[in-house]
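The file start-v4.pdb comes next; it holds PDB, C-alpha atoms.
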ATOM      1  CA  MET S  29      -1.305 -25.542  15.153  1.00  0.00           C
ATOM      2  CA  GLU S  30      -3.389 -23.017  13.250  1.00  0.00           C
ATOM      3  CA  ASN S  31      -4.698 -20.045  15.217  1.00  0.00           C
ATOM      4  CA  GLN S  32      -6.899 -17.124  14.308  1.00  0.00           C
ATOM      5  CA  GLU S  33      -6.916 -13.511  15.429  1.00  0.00           C
ATOM      6  CA  LYS S  34      -9.643 -12.313  17.709  1.00  0.00           C
ATOM      7  CA  SER S  35     -12.816 -11.753  15.700  1.00  0.00           C
ATOM      8  CA  GLU S  36     -14.931  -9.587  17.994  1.00  0.00           C
ATOM      9  CA  PRO S  37     -15.008  -5.788  17.445  1.00  0.00           C
ATOM     10  CA  ASN S  38     -11.782  -4.004  18.373  1.00  0.00           C
ATOM     11  CA  GLN S  39     -11.529  -0.835  20.441  1.00  0.00           C
ATOM     12  CA  GLU S  40     -10.247   2.402  18.938  1.00  0.00           C
ATOM     13  CA  TYR S  41      -7.694   4.678  20.629  1.00  0.00           C
ATOM     14  CA  LYS S  42      -6.764   8.259  19.791  1.00  0.00           C
ATOM     15  CA  GLY S  43      -3.621  10.325  20.152  1.00  0.00           C
ATOM     16  CA  LYS S  44      -1.969  13.431  18.752  1.00  0.00           C
ATOM     17  CA  ASN S  45       0.477  11.113  16.969  1.00  0.00           C
ATOM     18  CA  LEU S  46       0.980   7.357  16.489  1.00  0.00           C
ATOM     19  CA  GLU S  47       3.139   6.955  19.587  1.00  0.00           C
ATOM     20  CA  ASP S  48       0.563   8.744  21.725  1.00  0.00           C
ATOM     21  CA  ALA S  49      -2.243   6.526  20.384  1.00  0.00           C
ATOM     22  CA  ILE S  50      -0.211   3.376  21.129  1.00  0.00           C
ATOM     23  CA  LEU S  51       0.464   4.596  24.683  1.00  0.00           C
ATOM     24  CA  HIS S  52      -3.266   5.166  25.098  1.00  0.00           C
ATOM     25  CA  ALA S  53      -3.956   1.599  23.943  1.00  0.00           C
ATOM     26  CA  GLU S  54      -1.304   0.235  26.336  1.00  0.00           C
ATOM     27  CA  HIS S  55      -2.950   2.035  29.228  1.00  0.00           C
ATOM     28  CA  LYS S  56      -6.482   0.898  28.422  1.00  0.00           C
ATOM     29  CA  LEU S  57      -5.645  -2.683  27.481  1.00  0.00           C
ATOM     30  CA  LYS S  58      -3.196  -3.104  30.382  1.00  0.00           C
ATOM     31  CA  LEU S  59      -0.789  -4.659  27.879  1.00  0.00           C
ATOM     32  CA  THR S  60       2.590  -3.701  26.413  1.00  0.00           C
ATOM     33  CA  ARG S  61       2.700  -2.868  22.724  1.00  0.00           C
ATOM     34  CA  THR S  62       4.341  -6.222  22.006  1.00  0.00           C
ATOM     35  CA  GLU S  63       1.257  -7.952  23.399  1.00  0.00           C
ATOM     36  CA  PHE S  64      -1.332  -6.448  21.054  1.00  0.00           C
ATOM     37  CA  ASN S  65      -1.841  -5.818  17.359  1.00  0.00           C
ATOM     38  CA  TYR S  66      -2.989  -2.500  15.970  1.00  0.00           C
ATOM     39  CA  GLU S  67      -3.830  -0.792  12.712  1.00  0.00           C
ATOM     40  CA  VAL S  68      -4.154   2.884  11.860  1.00  0.00           C
ATOM     41  CA  VAL S  69      -7.775   3.823  11.196  1.00  0.00           C
ATOM     42  CA  THR S  70      -7.392   7.527  10.421  1.00  0.00           C
ATOM     43  CA  GLU S  71      -4.700  10.178  10.424  1.00  0.00           C
ATOM     44  CA  LYS S  72      -5.976  13.719  10.114  1.00  0.00           C
ATOM     45  CA  THR S  73      -4.772  17.270  10.529  1.00  0.00           C
ATOM     46  CA  ARG S  74      -6.707  19.635  12.752  1.00  0.00           C
ATOM     47  CA  LEU S  75      -7.012  23.409  12.694  1.00  0.00           C
ATOM     48  CA  PHE S  76      -4.970  24.617   9.710  1.00  0.00           C
ATOM     49  CA  GLY S  77      -2.430  21.812  10.051  1.00  0.00           C
ATOM     50  CA  ILE S  78      -1.320  22.854  13.529  1.00  0.00           C
ATOM     51  CA  SER S  79      -1.952  19.491  15.149  1.00  0.00           C
ATOM     52  CA  LYS S  80      -2.739  15.935  14.113  1.00  0.00           C
ATOM     53  CA  GLU S  81      -4.938  13.202  15.447  1.00  0.00           C
ATOM     54  CA  VAL S  82      -4.195   9.539  14.869  1.00  0.00           C
ATOM     55  CA  VAL S  83      -6.811   6.873  15.565  1.00  0.00           C
ATOM     56  CA  ILE S  84      -5.760   3.229  15.841  1.00  0.00           C
ATOM     57  CA  ARG S  85      -7.703   0.021  16.353  1.00  0.00           C
ATOM     58  CA  ALA S  86      -6.004  -2.366  18.795  1.00  0.00           C
ATOM     59  CA  TRP S  87      -6.652  -5.898  20.023  1.00  0.00           C
ATOM     60  CA  PRO S  88      -4.727  -8.471  22.114  1.00  0.00           C
ATOM     61  CA  LYS S  89      -2.384 -10.658  20.165  1.00  0.00           C
ATOM     62  CA  GLN S  90      -3.067 -14.239  19.384  1.00  0.00           C
ATOM     63  CA  THR S  91      -0.639 -16.416  17.525  1.00  0.00           C
ATOM     64  CA  VAL S  92      -1.015 -15.923  13.793  1.00  0.00           C
ATOM     65  CA  GLU S  93       0.080 -18.651  11.447  1.00  0.00           C
ATOM     66  CA  VAL S  94       2.383 -16.869   9.011  1.00  0.00           C
ATOM     67  CA  GLY S  95       4.226 -19.742   7.393  1.00  0.00           C
ATOM     68  CA  GLY S  96       7.891 -19.092   6.688  1.00  0.00           C
ATOM     69  CA  ILE S  97       7.644 -15.305   6.747  1.00  0.00           C
ATOM     70  CA  GLU S  98       8.314 -14.788  10.448  1.00  0.00           C
ATOM     71  CA  GLY S  99      11.307 -17.122  10.456  1.00  0.00           C
ATOM     72  CA  PHE S 100      12.722 -15.370   7.403  1.00  0.00           C
ATOM     73  CA  LEU S 101      12.258 -11.919   8.943  1.00  0.00           C
ATOM     74  CA  GLU S 102      13.803 -12.976  12.265  1.00  0.00           C
ATOM     75  CA  LYS S 103      16.951 -14.058  10.419  1.00  0.00           C
ATOM     76  CA  LEU S 104      16.873 -11.022   8.145  1.00  0.00           C
ATOM     77  CA  VAL S 105      16.875  -8.375  10.891  1.00  0.00           C
ATOM     78  CA  LYS S 106      19.911 -10.055  12.493  1.00  0.00           C
ATOM     79  CA  VAL S 107      22.087  -9.753   9.378  1.00  0.00           C
ATOM     80  CA  PHE S 108      20.457  -6.790   7.625  1.00  0.00           C
ATOM     81  CA  PRO S 109      22.724  -3.699   7.490  1.00  0.00           C
ATOM     82  CA  LEU S 110      19.793  -1.519   8.602  1.00  0.00           C
ATOM     83  CA  GLU S 111      18.347  -1.402  12.114  1.00  0.00           C
ATOM     84  CA  ILE S 112      14.676  -2.204  11.545  1.00  0.00           C
ATOM     85  CA  SER S 113      11.846  -3.973  13.336  1.00  0.00           C
ATOM     86  CA  TYR S 114       8.544  -5.352  12.107  1.00  0.00           C
ATOM     87  CA  ARG S 115       5.118  -6.582  13.092  1.00  0.00           C
ATOM     88  CA  ILE S 116       2.768  -8.902  11.206  1.00  0.00           C
ATOM     89  CA  GLN S 117      -1.004  -8.587  10.906  1.00  0.00           C
ATOM     90  CA  ARG S 118      -3.643 -10.484   8.971  1.00  0.00           C
ATOM     91  CA  ARG S 119      -6.418  -8.384   7.418  1.00  0.00           C
ATOM     92  CA  ASN S 120      -8.890  -9.050   4.622  1.00  0.00           C
ATOM     93  CA  GLY S 121      -7.099 -12.167   3.435  1.00  0.00           C
ATOM     94  CA  PHE S 122      -3.653 -10.503   3.323  1.00  0.00           C
ATOM     95  CA  LEU S 123      -0.602 -10.691   5.538  1.00  0.00           C
ATOM     96  CA  PHE S 124       0.606  -7.170   6.305  1.00  0.00           C
ATOM     97  CA  VAL S 125       4.214  -6.621   7.382  1.00  0.00           C
ATOM     98  CA  ILE S 126       4.705  -3.166   8.880  1.00  0.00           C
ATOM     99  CA  PHE S 127       8.338  -2.101   9.247  1.00  0.00           C
ATOM    100  CA  ASP S 128       9.653   0.321  11.858  1.00  0.00           C
ATOM    101  CA  GLY S 129      12.927   1.131  13.603  1.00  0.00           C
ATOM    102  CA  PRO S 130      15.721   3.729  13.547  1.00  0.00           C
ATOM    103  CA  ASP S 131      16.645   3.094   9.882  1.00  0.00           C
ATOM    104  CA  LYS S 132      13.104   2.803   8.529  1.00  0.00           C
ATOM    105  CA  GLN S 133      13.472   5.914   6.351  1.00  0.00           C
ATOM    106  CA  LEU S 134      16.125   4.130   4.287  1.00  0.00           C
ATOM    107  CA  LEU S 135      13.503   1.555   3.300  1.00  0.00           C
ATOM    108  CA  LEU S 136      11.626   4.429   1.643  1.00  0.00           C
ATOM    109  CA  TRP S 137      14.605   5.777  -0.298  1.00  0.00           C
ATOM    110  CA  LYS S 138      14.097   6.073  -4.069  1.00  0.00           C
ATOM    111  CA  ASP S 139      10.311   5.857  -3.799  1.00  0.00           C
ATOM    112  CA  GLY S 140      10.336   2.807  -1.542  1.00  0.00           C
ATOM    113  CA  GLU S 141      12.566   0.711  -3.792  1.00  0.00           C
ATOM    114  CA  LEU S 142      13.964  -1.403  -0.950  1.00  0.00           C
ATOM    115  CA  LEU S 143      10.584  -1.736   0.782  1.00  0.00           C
ATOM    116  CA  LEU S 144       8.956  -3.017  -2.401  1.00  0.00           C
ATOM    117  CA  ALA S 145      11.871  -5.385  -2.997  1.00  0.00           C
ATOM    118  CA  LEU S 146      11.228  -6.902   0.440  1.00  0.00           C
ATOM    119  CA  GLN S 147       7.558  -7.285  -0.457  1.00  0.00           C
ATOM    120  CA  HIS S 148       8.517  -9.123  -3.651  1.00  0.00           C
ATOM    121  CA  ILE S 149      10.749 -11.527  -1.711  1.00  0.00           C
ATOM    122  CA  LEU S 150       8.135 -12.181   0.981  1.00  0.00           C
ATOM    123  CA  ASN S 151       5.539 -13.003  -1.661  1.00  0.00           C
ATOM    124  CA  LYS S 152       7.948 -15.520  -3.154  1.00  0.00           C
ATOM    125  CA  ILE S 153       8.278 -17.460   0.119  1.00  0.00           C
ATOM    126  CA  SER S 154       4.697 -17.124   1.384  1.00  0.00           C
ATOM    127  CA  SER S 155       1.643 -19.132   0.368  1.00  0.00           C
ATOM    128  CA  GLU S 156      -0.455 -16.049   1.199  1.00  0.00           C
ATOM    129  CA  LYS S 157      -0.476 -12.618  -0.403  1.00  0.00           C
ATOM    130  CA  VAL S 158       1.858 -10.251   1.463  1.00  0.00           C
ATOM    131  CA  GLN S 159       1.799  -6.462   1.525  1.00  0.00           C
ATOM    132  CA  VAL S 160       4.369  -4.311   3.304  1.00  0.00           C
ATOM    133  CA  ASP S 161       4.196  -0.809   4.695  1.00  0.00           C
ATOM    134  CA  CYS S 162       6.285   1.754   6.546  1.00  0.00           C
ATOM    135  CA  GLU S 163       5.403   5.295   7.637  1.00  0.00           C
ATOM    136  CA  PHE S 164       2.085   5.218   5.686  1.00  0.00           C
ATOM    137  CA  PHE S 165       4.075   4.667   2.484  1.00  0.00           C
ATOM    138  CA  ARG S 166       1.245   2.756   0.785  1.00  0.00           C
ATOM    139  CA  LYS S 167      -1.342   5.466   1.414  1.00  0.00           C
ATOM    140  CA  ARG S 168       0.930   8.231   0.117  1.00  0.00           C
ATOM    141  CA  LYS S 169       2.004   6.210  -2.917  1.00  0.00           C
ATOM    142  CA  GLU S 170      -1.558   5.235  -3.803  1.00  0.00           C
ATOM    143  CA  LYS S 171      -2.598   8.896  -3.689  1.00  0.00           C
ATOM    144  CA  LYS S 172       0.330   9.924  -5.894  1.00  0.00           C
ATOM    145  CA  ILE S 173      -0.359   7.220  -8.506  1.00  0.00           C
ATOM    146  CA  HIS S 174      -4.095   7.928  -8.449  1.00  0.00           C
ATOM    147  CA  GLU S 175      -3.516  11.630  -9.163  1.00  0.00           C
ATOM    148  CA  TYR S 176      -0.962  10.802 -11.883  1.00  0.00           C
ATOM    149  CA  ALA S 177      -3.433   8.452 -13.602  1.00  0.00           C
ATOM    150  CA  LEU S 178      -6.282  10.988 -13.436  1.00  0.00           C
ATOM    151  CA  GLN S 179      -4.068  13.682 -14.968  1.00  0.00           C
ATOM    152  CA  ALA S 180      -3.124  11.324 -17.810  1.00  0.00           C
ATOM    153  CA  ALA S 181      -6.769  10.375 -18.397  1.00  0.00           C
ATOM    154  CA  GLN S 182      -7.877  14.019 -18.465  1.00  0.00           C
ATOM    155  CA  HIS S 183      -5.099  14.829 -20.928  1.00  0.00           C
ATOM    156  CA  VAL S 184      -6.205  11.989 -23.212  1.00  0.00           C
ATOM    157  CA  ARG S 185      -9.786  13.230 -22.996  1.00  0.00           C
ATOM    158  CA  GLN S 186      -8.757  16.760 -23.960  1.00  0.00           C
ATOM    159  CA  THR S 187      -6.328  15.872 -26.751  1.00  0.00           C
ATOM    160  CA  GLY S 188      -7.705  12.580 -28.084  1.00  0.00           C
ATOM    161  CA  ARG S 189      -4.152  11.224 -28.042  1.00  0.00           C
ATOM    162  CA  ASN S 190      -3.076   8.039 -26.305  1.00  0.00           C
ATOM    163  CA  GLU S 191      -0.782   8.180 -23.279  1.00  0.00           C
ATOM    164  CA  ILE S 192       1.774   5.497 -22.443  1.00  0.00           C
ATOM    165  CA  LEU S 193       2.686   5.605 -18.755  1.00  0.00           C
ATOM    166  CA  GLU S 194       5.919   4.551 -17.066  1.00  0.00           C
ATOM    167  CA  LEU S 195       6.736   0.972 -16.049  1.00  0.00           C
ATOM    168  CA  MET S 196       4.707  -0.188 -13.040  1.00  0.00           C
ATOM    169  CA  ASN S 197       4.255  -3.299 -10.936  1.00  0.00           C
ATOM    170  CA  PRO S 198       0.833  -5.061 -10.679  1.00  0.00           C
ATOM    171  CA  TYR S 199      -0.140  -3.170  -7.507  1.00  0.00           C
ATOM    172  CA  GLU S 200       0.563   0.209  -9.153  1.00  0.00           C
ATOM    173  CA  ARG S 201      -1.195  -0.751 -12.399  1.00  0.00           C
ATOM    174  CA  ARG S 202      -4.341  -1.725 -10.510  1.00  0.00           C
ATOM    175  CA  ILE S 203      -4.515   1.772  -8.979  1.00  0.00           C
ATOM    176  CA  VAL S 204      -4.106   3.304 -12.443  1.00  0.00           C
ATOM    177  CA  HIS S 205      -6.854   1.210 -14.018  1.00  0.00           C
ATOM    178  CA  ILE S 206      -9.291   2.097 -11.219  1.00  0.00           C
ATOM    179  CA  ALA S 207      -8.492   5.826 -11.484  1.00  0.00           C
ATOM    180  CA  VAL S 208      -8.683   5.963 -15.292  1.00  0.00           C
ATOM    181  CA  ASN S 209     -12.067   4.249 -15.331  1.00  0.00           C
ATOM    182  CA  GLN S 210     -13.450   7.155 -13.299  1.00  0.00           C
ATOM    183  CA  VAL S 211     -13.056   9.427 -16.329  1.00  0.00           C
ATOM    184  CA  PRO S 212     -15.912   9.037 -18.874  1.00  0.00           C
ATOM    185  CA  GLY S 213     -14.813   7.952 -22.335  1.00  0.00           C
ATOM    186  CA  ILE S 214     -11.364   6.856 -21.227  1.00  0.00           C
ATOM    187  CA  THR S 215      -9.991   3.405 -20.437  1.00  0.00           C
ATOM    188  CA  SER S 216      -6.623   1.692 -20.035  1.00  0.00           C
ATOM    189  CA  GLU S 217      -4.762  -1.536 -20.666  1.00  0.00           C
ATOM    190  CA  SER S 218      -1.440  -3.036 -19.651  1.00  0.00           C
ATOM    191  CA  LEU S 219       1.248  -3.518 -22.291  1.00  0.00           C
ATOM    192  CA  GLY S 220       4.033  -6.068 -22.473  1.00  0.00           C
ATOM    193  CA  ASP S 221       5.003  -9.129 -20.467  1.00  0.00           C
ATOM    194  CA  GLY S 222       6.751  -9.628 -17.169  1.00  0.00           C
ATOM    195  CA  PHE S 223       6.379  -8.214 -13.691  1.00  0.00           C
ATOM    196  CA  LEU S 224       6.808  -4.586 -14.768  1.00  0.00           C
ATOM    197  CA  LYS S 225       4.526  -3.302 -17.533  1.00  0.00           C
ATOM    198  CA  ARG S 226       3.482   0.011 -18.989  1.00  0.00           C
ATOM    199  CA  VAL S 227      -0.131   1.193 -19.009  1.00  0.00           C
ATOM    200  CA  LYS S 228      -1.753   2.637 -22.120  1.00  0.00           C
ATOM    201  CA  VAL S 229      -4.510   5.204 -21.548  1.00  0.00           C
ATOM    202  CA  PHE S 230      -6.784   5.781 -24.533  1.00  0.00           C
ATOM    203  CA  PRO S 231     -10.264   7.044 -25.525  1.00  0.00           C
ATOM    204  CA  VAL S 232     -13.310   4.857 -26.229  1.00  0.00           C
ATOM    205  CA  ASP S 233     -16.747   5.639 -27.634  1.00  0.00           C
ATOM    206  CA  LYS S 234     -20.113   5.222 -25.889  1.00  0.00           C
ATOM    207  CA  GLN S 235     -20.146   1.528 -26.776  1.00  0.00           C
ATOM    208  CA  GLY S 236     -16.728   1.078 -25.207  1.00  0.00           C
ATOM    209  CA  LYS S 237     -14.977   0.626 -28.551  1.00  0.00           C
ATOM    210  CA  ARG S 238     -11.522   2.027 -29.096  1.00  0.00           C
ATOM    211  CA  VAL S 239     -11.410   5.476 -30.717  1.00  0.00           C
ATOM    212  CA  PRO S 240      -8.628   5.859 -33.318  1.00  0.00           C
ATOM    213  CA  PRO S 241      -5.954   8.251 -32.002  1.00  0.00           C
ATOM    214  CA  LYS S 242      -5.627  11.657 -33.620  1.00  0.00           C
ATOM    215  CA  ASN S 243      -1.969  10.920 -34.290  1.00  0.00           C
ATOM    216  CA  GLU S 244      -1.307   7.491 -35.809  1.00  0.00           C
ATOM    217  CA  GLU S 245       2.084   7.351 -34.074  1.00  0.00           C
ATOM    218  CA  ASP S 246       0.196   7.191 -30.761  1.00  0.00           C
ATOM    219  CA  ASP S 247      -1.509   3.896 -31.644  1.00  0.00           C
ATOM    220  CA  LEU S 248       1.259   1.657 -30.261  1.00  0.00           C
TER     221      LEU S 248
END
Could I get this structure in the form of structure tokens?
Amino acid sequence: MENQEKSEPNQEYKGKNLEDAILHAEHKLKLTRTEFNYEVVTEKTRLFGISKEVVIRAWPKQTVEVGGIEGFLEKLVKVFPLEISYRIQRRNGFLFVIFDGPDKQLLLWKDGELLLALQHILNKISSEKVQVDCEFFRKRKEKKIHEYALQAAQHVRQTGRNEILELMNPYERRIVHIAVNQVPGITSESLGDGFLKRVKVFPVDKQGKRVPPKNEEDDL
């Protein structure tokens, strides 16, 4: 039977860290953390970085139809060599799988290689788009890629020479294209075939036409 999550506005709860905010939600909702869903709204540093405030939005759980993902994850955590846990949320047309547990940091090793591999597998078995996260990995990674793309675009603008960026997955390339388009006179395109592609950053004129590179070797 198909169910939907509660649609009415959800209450926000604050704490000096994530655990504190969850405890606050437990107290106010009169529910254990396994009986409600939550998402992080903001995470900010106060007063010269001395303390933090985390704000979450929480709402009572209702059964969410998640296809074969939950069954797969239940079996995975039993045989997986790492001690991890997970929760599943549906937001904005996506299924979000948020990993936690004592060994969660190992999911983030080598720039989240294992975490992203799990996302790839879950997307293969799900009829819905799946995104994974752990310890705000997505937010940190998006910021890093965004800054990297802006630096490349500014360099192209200053030198007039094309830049070919490292191999990226579709999620990473989307961040690059959005960032590059913020720089006037610069655009980007993906190169190659397959899941991983490189992104070419290059100058264009006022009509949006490609500007020949200053070095012909750059025009790959």
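Proximity ranking of S:His148, S:His205, S:Lys42, S:Lys234 relative to S:Ile84 places S:Lys42 first, based on only C-alpha atoms.
Coordinates place atom CA of S:Arg115 at a distance of 6.7 Å from atom CA of S:Phe127.
The spacing separating atom CA of S:Leu57 from atom CA of S:Gly43 amounts to 15.1 Å.
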* Where does the PyMOL selection byres ((chain S and resi 85) around 6) land in this file, that is, which residues does it pick, as a count of residues only? -> 6
* **Neighbours of point (0.1, 2.1, 24.3) within 12 Å, using all atoms listed in the file, written as a ChimeraX atom specification** => /S:40-43,45-66,84-88
For the residues in the current selection, export C-alpha atoms as a short mmCIF file (atom, residue, chain, number, x, y, z; two decimals), in the coordinates of the input.
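For reference, selection-v1.cif as written:
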data_model
loop_
_atom_site.label_atom_id
_atom_site.label_comp_id
_atom_site.auth_asym_id
_atom_site.auth_seq_id
_atom_site.Cartn_x
_atom_site.Cartn_y
_atom_site.Cartn_z
CA GLU S 40 -10.25 2.40 18.94
CA TYR S 41 -7.69 4.68 20.63
CA LYS S 42 -6.76 8.26 19.79
CA GLY S 43 -3.62 10.32 20.15
CA ASN S 45 0.48 11.11 16.97
CA LEU S 46 0.98 7.36 16.49
CA GLU S 47 3.14 6.96 19.59
CA ASP S 48 0.56 8.74 21.72
CA ALA S 49 -2.24 6.53 20.38
CA ILE S 50 -0.21 3.38 21.13
CA LEU S 51 0.46 4.60 24.68
CA HIS S 52 -3.27 5.17 25.10
CA ALA S 53 -3.96 1.60 23.94
CA GLU S 54 -1.30 0.24 26.34
CA HIS S 55 -2.95 2.04 29.23
CA LYS S 56 -6.48 0.90 28.42
CA LEU S 57 -5.64 -2.68 27.48
CA LYS S 58 -3.20 -3.10 30.38
CA LEU S 59 -0.79 -4.66 27.88
CA THR S 60 2.59 -3.70 26.41
CA ARG S 61 2.70 -2.87 22.72
CA THR S 62 4.34 -6.22 22.01
CA GLU S 63 1.26 -7.95 23.40
CA PHE S 64 -1.33 -6.45 21.05
CA ASN S 65 -1.84 -5.82 17.36
CA TYR S 66 -2.99 -2.50 15.97
CA ILE S 84 -5.76 3.23 15.84
CA ARG S 85 -7.70 0.02 16.35
CA ALA S 86 -6.00 -2.37 18.80
CA TRP S 87 -6.65 -5.90 20.02
CA PRO S 88 -4.73 -8.47 22.11
#
* To one decimal place, how far is atom CA of S:Glu191 from atom CA of S:Val229 in Å? -> 5.1 Å
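Closest approach to S:Pro109 from the set S:Glu175, S:Glu217, S:Glu200, S:Asp131 is made by S:Asp131, with distances taken over all atoms listed in the file.
Take the candidates S:Arg238, S:Lys172, S:Arg202, S:Lys80 and check each one against S:Asn190 using all atoms listed in the file; the shortest distance goes to S:Arg238.
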* Identify all residues satisfying the PyMOL selection byres ((chain S and resi 96) around 9) in the given file; provide them as a PyMOL selection string. => chain S and resi 94-95+97-101+150+153-155
Using the chain letters and numbers from the file, give me the residues hit by the PyMOL selection byres ((chain S and resi 204) around 9), as a CSV table (one decimal) with C-alpha atoms, in the frame of the given file.
chain,number,residue,atom,x,y,z
S,173,ILE,CA,-0.4,7.2,-8.5
S,174,HIS,CA,-4.1,7.9,-8.4
S,175,GLU,CA,-3.5,11.6,-9.2
S,176,TYR,CA,-1.0,10.8,-11.9
S,177,ALA,CA,-3.4,8.5,-13.6
S,178,LEU,CA,-6.3,11.0,-13.4
S,200,GLU,CA,0.6,0.2,-9.2
S,201,ARG,CA,-1.2,-0.8,-12.4
S,202,ARG,CA,-4.3,-1.7,-10.5
S,203,ILE,CA,-4.5,1.8,-9.0
S,205,HIS,CA,-6.9,1.2,-14.0
S,206,ILE,CA,-9.3,2.1,-11.2
S,207,ALA,CA,-8.5,5.8,-11.5
S,208,VAL,CA,-8.7,6.0,-15.3
S,209,ASN,CA,-12.1,4.2,-15.3
S,216,SER,CA,-6.6,1.7,-20.0
S,227,VAL,CA,-0.1,1.2,-19.0
